[in-house]
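Below is input00.cif, holding mmCIF, C-alpha atoms.
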data_protein
loop_
_atom_site.group_PDB
_atom_site.id
_atom_site.type_symbol
_atom_site.label_atom_id
_atom_site.label_comp_id
_atom_site.auth_asym_id
_atom_site.auth_seq_id
_atom_site.Cartn_x
_atom_site.Cartn_y
_atom_site.Cartn_z
ATOM 1 C CA MET J 1 -41.011 -142.685 190.382
ATOM 2 C CA VAL J 2 -38.858 -139.715 191.327
ATOM 3 C CA THR J 3 -41.438 -136.925 191.628
ATOM 4 C CA LEU J 4 -42.747 -135.448 194.838
ATOM 5 C CA ASP J 5 -45.841 -133.793 193.408
ATOM 6 C CA PRO J 6 -48.954 -135.798 194.359
ATOM 7 C CA MET J 7 -50.795 -134.833 191.135
ATOM 8 C CA ILE J 8 -47.987 -136.229 188.968
ATOM 9 C CA ASP J 9 -47.720 -139.378 191.100
ATOM 10 C CA GLU J 10 -51.462 -139.942 190.884
ATOM 11 C CA THR J 11 -51.490 -139.403 187.116
ATOM 12 C CA MET J 12 -48.516 -141.753 186.638
ATOM 13 C CA LEU J 13 -50.014 -144.482 188.835
ATOM 14 C CA ASP J 14 -53.346 -144.212 187.033
ATOM 15 C CA ALA J 15 -51.611 -144.430 183.637
ATOM 16 C CA MET J 16 -49.511 -147.429 184.742
ATOM 17 C CA GLU J 17 -52.597 -149.238 186.031
ATOM 18 C CA LYS J 18 -54.464 -148.647 182.768
ATOM 19 C CA MET J 19 -51.420 -149.725 180.725
ATOM 20 C CA ASP J 20 -51.164 -152.938 182.782
ATOM 21 C CA LYS J 21 -54.822 -153.647 181.991
ATOM 22 C CA ALA J 22 -54.224 -152.981 178.275
ATOM 23 C CA VAL J 23 -51.315 -155.455 178.268
ATOM 24 C CA GLU J 24 -53.391 -158.069 180.147
ATOM 25 C CA HIS J 25 -56.278 -157.598 177.712
ATOM 26 C CA THR J 26 -53.964 -158.106 174.739
ATOM 27 C CA GLN J 27 -52.520 -161.269 176.292
ATOM 28 C CA THR J 28 -56.053 -162.554 176.969
ATOM 29 C CA GLN J 29 -56.943 -161.927 173.334
ATOM 30 C CA PHE J 30 -53.854 -163.882 172.267
ATOM 31 C CA SER J 31 -55.092 -166.891 174.247
ATOM 32 C CA THR J 32 -58.268 -167.011 172.143
ATOM 33 C CA VAL J 33 -56.259 -167.624 168.968
ATOM 34 C CA ARG J 34 -55.912 -171.303 168.237
ATOM 35 C CA THR J 35 -52.501 -172.912 168.083
ATOM 36 C CA GLY J 36 -51.830 -176.551 167.260
ATOM 37 C CA ARG J 37 -53.236 -177.591 170.647
ATOM 38 C CA ALA J 38 -56.742 -177.440 172.066
ATOM 39 C CA ALA J 39 -57.140 -175.055 175.014
ATOM 40 C CA PRO J 40 -60.196 -174.105 177.076
ATOM 41 C CA ALA J 41 -59.470 -170.402 176.404
ATOM 42 C CA LEU J 42 -60.566 -170.988 172.798
ATOM 43 C CA VAL J 43 -64.201 -171.451 173.819
ATOM 44 C CA GLU J 44 -64.707 -170.274 177.391
ATOM 45 C CA ARG J 45 -65.599 -166.709 176.360
ATOM 46 C CA LEU J 46 -68.114 -167.756 173.690
ATOM 47 C CA ASN J 47 -71.544 -166.317 174.474
ATOM 48 C CA VAL J 48 -74.253 -168.970 174.581
ATOM 49 C CA GLU J 49 -77.949 -168.151 174.361
ATOM 50 C CA TYR J 50 -79.258 -169.589 177.649
ATOM 51 C CA TYR J 51 -82.892 -168.967 178.604
ATOM 52 C CA GLY J 52 -82.949 -165.823 176.476
ATOM 53 C CA ALA J 53 -79.736 -164.271 177.796
ATOM 54 C CA PRO J 54 -76.156 -164.455 176.468
ATOM 55 C CA VAL J 55 -73.975 -166.292 179.014
ATOM 56 C CA PRO J 56 -70.224 -167.065 178.707
ATOM 57 C CA LEU J 57 -69.660 -170.770 178.060
ATOM 58 C CA GLN J 58 -67.316 -171.087 181.048
ATOM 59 C CA GLN J 59 -70.301 -170.375 183.353
ATOM 60 C CA LEU J 60 -72.455 -173.069 181.760
ATOM 61 C CA ALA J 61 -70.082 -175.999 181.408
ATOM 62 C CA ALA J 62 -66.902 -177.715 182.498
ATOM 63 C CA ILE J 63 -64.277 -177.620 179.759
ATOM 64 C CA GLN J 64 -61.632 -180.345 179.646
ATOM 65 C CA VAL J 65 -58.731 -181.245 177.353
ATOM 66 C CA PRO J 66 -58.611 -185.074 177.236
ATOM 67 C CA GLU J 67 -56.222 -185.088 174.246
ATOM 68 C CA ALA J 68 -53.946 -182.506 172.612
ATOM 69 C CA ARG J 69 -56.408 -181.783 169.802
ATOM 70 C CA MET J 70 -59.738 -182.337 171.579
ATOM 71 C CA LEU J 71 -61.928 -180.324 173.905
ATOM 72 C CA LEU J 72 -64.675 -181.909 175.952
ATOM 73 C CA ILE J 73 -67.510 -179.611 177.032
ATOM 74 C CA LYS J 74 -69.830 -180.969 179.722
ATOM 75 C CA PRO J 75 -72.724 -178.602 180.495
ATOM 76 C CA HIS J 76 -73.955 -178.323 184.083
ATOM 77 C CA ASP J 77 -77.490 -178.322 182.637
ATOM 78 C CA THR J 78 -78.140 -180.613 179.649
ATOM 79 C CA GLY J 79 -80.752 -178.092 178.470
ATOM 80 C CA ALA J 80 -77.867 -175.867 177.446
ATOM 81 C CA LEU J 81 -76.405 -178.424 174.978
ATOM 82 C CA ALA J 82 -78.244 -177.083 171.919
ATOM 83 C CA GLY J 83 -77.293 -173.474 172.715
ATOM 84 C CA ILE J 84 -73.645 -174.399 173.262
ATOM 85 C CA GLU J 85 -73.576 -176.365 170.016
ATOM 86 C CA LYS J 86 -75.091 -173.415 168.112
ATOM 87 C CA ALA J 87 -72.619 -170.921 169.655
ATOM 88 C CA ILE J 88 -69.679 -173.110 168.594
ATOM 89 C CA ARG J 89 -71.067 -173.540 165.088
ATOM 90 C CA ASP J 90 -71.619 -169.772 164.735
ATOM 91 C CA SER J 91 -68.123 -168.936 166.037
ATOM 92 C CA ASP J 92 -65.012 -168.584 163.883
ATOM 93 C CA LEU J 93 -63.348 -171.678 165.378
ATOM 94 C CA GLY J 94 -63.761 -173.709 162.232
ATOM 95 C CA VAL J 95 -64.639 -176.959 164.038
ATOM 96 C CA ALA J 96 -67.838 -178.981 164.032
ATOM 97 C CA PRO J 97 -69.216 -179.897 167.470
ATOM 98 C CA ASN J 98 -70.072 -183.574 168.121
ATOM 99 C CA ASN J 99 -73.032 -183.728 170.494
ATOM 100 C CA ASP J 100 -73.823 -187.108 172.059
ATOM 101 C CA GLY J 101 -76.606 -185.807 174.314
ATOM 102 C CA VAL J 102 -74.350 -185.574 177.386
ATOM 103 C CA VAL J 103 -71.164 -183.835 176.263
ATOM 104 C CA ILE J 104 -69.899 -181.964 173.240
ATOM 105 C CA ARG J 105 -66.596 -182.989 171.702
ATOM 106 C CA LEU J 106 -64.547 -180.639 169.568
ATOM 107 C CA ASN J 107 -61.840 -182.240 167.449
ATOM 108 C CA PHE J 108 -59.332 -179.687 166.193
ATOM 109 C CA PRO J 109 -57.615 -180.627 162.922
ATOM 110 C CA SER J 110 -53.929 -179.898 162.458
ATOM 111 C CA LEU J 111 -53.280 -176.375 161.279
ATOM 112 C CA THR J 112 -52.068 -175.904 157.736
ATOM 113 C CA GLU J 113 -49.095 -173.649 157.057
ATOM 114 C CA GLU J 114 -51.409 -171.133 155.386
ATOM 115 C CA ARG J 115 -53.772 -171.087 158.400
ATOM 116 C CA ARG J 116 -50.833 -170.601 160.782
ATOM 117 C CA ARG J 117 -49.704 -167.561 158.764
ATOM 118 C CA GLU J 118 -53.262 -166.154 158.892
ATOM 119 C CA TYR J 119 -53.301 -166.555 162.677
ATOM 120 C CA VAL J 120 -49.923 -164.777 162.918
ATOM 121 C CA LYS J 121 -51.477 -161.818 161.052
ATOM 122 C CA VAL J 122 -54.427 -161.865 163.449
ATOM 123 C CA VAL J 123 -52.211 -161.779 166.568
ATOM 124 C CA LYS J 124 -50.033 -159.036 165.044
ATOM 125 C CA HIS J 125 -53.186 -156.974 164.571
ATOM 126 C CA MET J 126 -54.206 -157.664 168.203
ATOM 127 C CA ALA J 127 -50.746 -156.601 169.364
ATOM 128 C CA GLU J 128 -50.976 -153.367 167.381
ATOM 129 C CA GLU J 129 -54.352 -152.623 168.978
ATOM 130 C CA GLY J 130 -52.733 -153.188 172.386
ATOM 131 C CA ARG J 131 -49.852 -150.836 171.541
ATOM 132 C CA ILE J 132 -52.320 -148.187 170.363
ATOM 133 C CA ALA J 133 -54.266 -148.517 173.628
ATOM 134 C CA VAL J 134 -51.049 -148.017 175.639
ATOM 135 C CA ARG J 135 -50.084 -144.969 173.553
ATOM 136 C CA ASN J 136 -53.560 -143.472 173.985
ATOM 137 C CA ILE J 137 -53.206 -143.826 177.747
ATOM 138 C CA ARG J 138 -49.831 -142.060 177.511
ATOM 139 C CA ARG J 139 -51.399 -139.259 175.463
ATOM 140 C CA ASP J 140 -54.211 -138.764 177.999
ATOM 141 C CA ALA J 141 -51.780 -138.712 180.941
ATOM 142 C CA ARG J 142 -49.532 -136.223 179.123
ATOM 143 C CA LYS J 143 -52.516 -133.935 178.394
ATOM 144 C CA HIS J 144 -53.530 -134.077 182.045
ATOM 145 C CA MET J 145 -50.030 -133.075 183.174
ATOM 146 C CA GLU J 146 -49.748 -130.312 180.538
ATOM 147 C CA HIS J 147 -53.017 -128.811 181.802
ATOM 148 C CA ALA J 148 -51.633 -128.915 185.337
ATOM 149 C CA GLU J 149 -48.518 -127.082 184.150
ATOM 150 C CA LYS J 150 -50.627 -124.413 182.383
ATOM 151 C CA ASP J 151 -52.683 -123.951 185.558
ATOM 152 C CA GLY J 152 -49.488 -123.471 187.546
ATOM 153 C CA GLU J 153 -49.910 -126.640 189.648
ATOM 154 C CA ILE J 154 -46.524 -128.015 188.529
ATOM 155 C CA SER J 155 -43.377 -126.440 187.076
ATOM 156 C CA ALA J 156 -42.057 -126.941 183.549
ATOM 157 C CA ASP J 157 -39.134 -128.948 184.980
ATOM 158 C CA GLU J 158 -41.511 -131.269 186.840
ATOM 159 C CA LEU J 159 -43.538 -131.707 183.661
ATOM 160 C CA ASP J 160 -40.384 -132.535 181.695
ATOM 161 C CA ARG J 161 -39.258 -135.149 184.260
ATOM 162 C CA ALA J 162 -42.763 -136.643 184.444
ATOM 163 C CA GLU J 163 -42.987 -136.894 180.637
ATOM 164 C CA LYS J 164 -39.639 -138.713 180.503
ATOM 165 C CA GLU J 165 -40.833 -141.137 183.196
ATOM 166 C CA LEU J 166 -44.131 -141.609 181.346
ATOM 167 C CA GLU J 167 -42.228 -142.348 178.123
ATOM 168 C CA LYS J 168 -40.152 -144.990 179.919
ATOM 169 C CA VAL J 169 -43.276 -146.624 181.411
ATOM 170 C CA THR J 170 -44.956 -146.605 177.980
ATOM 171 C CA HIS J 171 -41.907 -148.205 176.376
ATOM 172 C CA ASP J 172 -41.863 -150.957 179.050
ATOM 173 C CA HIS J 173 -45.530 -151.790 178.437
ATOM 174 C CA VAL J 174 -45.150 -151.827 174.641
ATOM 175 C CA GLU J 175 -42.152 -154.131 175.122
ATOM 176 C CA ARG J 176 -44.300 -156.509 177.223
ATOM 177 C CA ILE J 177 -46.850 -156.674 174.396
ATOM 178 C CA ASP J 178 -44.063 -157.313 171.864
ATOM 179 C CA ARG J 179 -42.632 -160.156 174.006
ATOM 180 C CA ALA J 180 -46.086 -161.739 174.323
ATOM 181 C CA LEU J 181 -46.520 -161.387 170.545
ATOM 182 C CA GLY J 182 -43.157 -163.070 169.935
ATOM 183 C CA ASN J 183 -44.108 -165.982 172.192
ATOM 184 C CA LYS J 184 -47.497 -166.380 170.497
ATOM 185 C CA GLU J 185 -45.953 -166.233 167.006
ATOM 186 C CA GLU J 186 -43.439 -168.907 168.003
ATOM 187 C CA GLU J 187 -46.252 -171.056 169.398
ATOM 188 C CA LEU J 188 -48.333 -170.629 166.218
ATOM 189 C CA LEU J 189 -45.517 -171.450 163.809
ATOM 190 C CA GLU J 190 -44.360 -174.479 165.826
ATOM 191 C CA VAL J 191 -45.299 -177.650 163.939
#
Full structure transcribed into structure tokens:
Amino acid sequence: MVTLDPMIDETMLDAMEKMDKAVEHTQTQFSTVRTGRAAPALVERLNVEYYGAPVPLQQLAAIQVPEARMLLIKPHDTGALAGIEKAIRDSDLGVAPNNDGVVIRLNFPSLTEERRREYVKVVKHMAEEGRIAVRNIRRDARKHMEHAEKDGEISADELDRAEKELEKVTHDHVERIDRALGNKEEELLEV
């Protein structure tokens, strides 16, 4: 950043930090979309009813990938098996859990071409939500700086420079989301 005004620097740093979090959140959401392979990220955020409270699956069980299309879920407490099984059944994963009383196995069928295209639409929607979040952060930062200019805290020239810098930062973050989307699309369409 080129500015010397502490208010602008603080606003820019805050906006960049929030934009980084928006990009990370979008990438995390991408990991929950199933590709041709089984991955722990598909189930680890599922909320399981455990002694009356919703608990993320990753806190209740060890999740392993013994084969490319299989997940093995081994609860730390066998009392959680029924809750885990119900959470998987109620989710939108589209797989039936096999419970043998000790572990739960999830066998993921191969994705059809139609299903792959549906998943591409889903990740495109997630990416658009991420872009919107980044743009909203830009809008809020710009408003903050415009108020500072009205109050006489910064000059019009400083505001102009800061807005150009903010635009560049926004563009970089949107580009990161687009790259992640491209990678996920490629992964989904790979047969």
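Nearest-residue note for Arg105 in chain J: choosing from J:Gly152, J:Pro6, J:Pro56, J:Pro75, the minimum distance belongs to J:Pro75, counting all atoms listed in the file.
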10 Å contact set for range 133-145 of chain J, all atoms listed in the file, chain neighbours under 3 positions out, as a ChimeraX atom specification: /J:7-8,11-23,26,127-130,148-151,153-154,158-160,162-163,166-167,169-171,173-174,177
Nearest candidate to Val55 in chain J (options J:Ile84, J:Ala41, J:Lys74, J:Gly79; using all atoms listed in the file): J:Ile84
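Our summary of the geometry notes that CA of Ile104 in chain J is positioned 18.9 Å from CA of Pro54 in chain J.
From CA of Glu24 in chain J back to CA of Glu185 in chain J, the distance works out to 17.2 Å.
Considering only C-alpha atoms, the residue among J:Ser31, J:Glu85, J:Val103, J:Ser91 positioned nearest to Ile63 in chain J is J:Val103.
CA of Arg115 in chain J to CA of Val43 in chain J spans 18.6 Å [interatomic distance, one decimal].
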Residue list as a PyMOL selection string for point (-78.6, -169.0, 177.1), cut-off 12 Å, only C-alpha atoms: chain J and resi 46-57+59-61+75+77-87
Shell of 8 Å around Tyr119 in chain J, all atoms listed in the file, local chain residues under 4 positions omitted, as a list in words: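 Those residues are Val33, Arg34, Arg115, Val123 and Leu188 of chain J.
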Store the residues of this selection in a file with C-alpha atoms, as a compact mmCIF listing (two decimals), keeping the file's coordinate frame.
# COMPACT_ATOMS: atom_id res chain seq x y z
CA VAL J 33 -56.26 -167.62 168.97
CA ARG J 34 -55.91 -171.30 168.24
CA ARG J 115 -53.77 -171.09 158.40
CA VAL J 123 -52.21 -161.78 166.57
CA LEU J 188 -48.33 -170.63 166.22
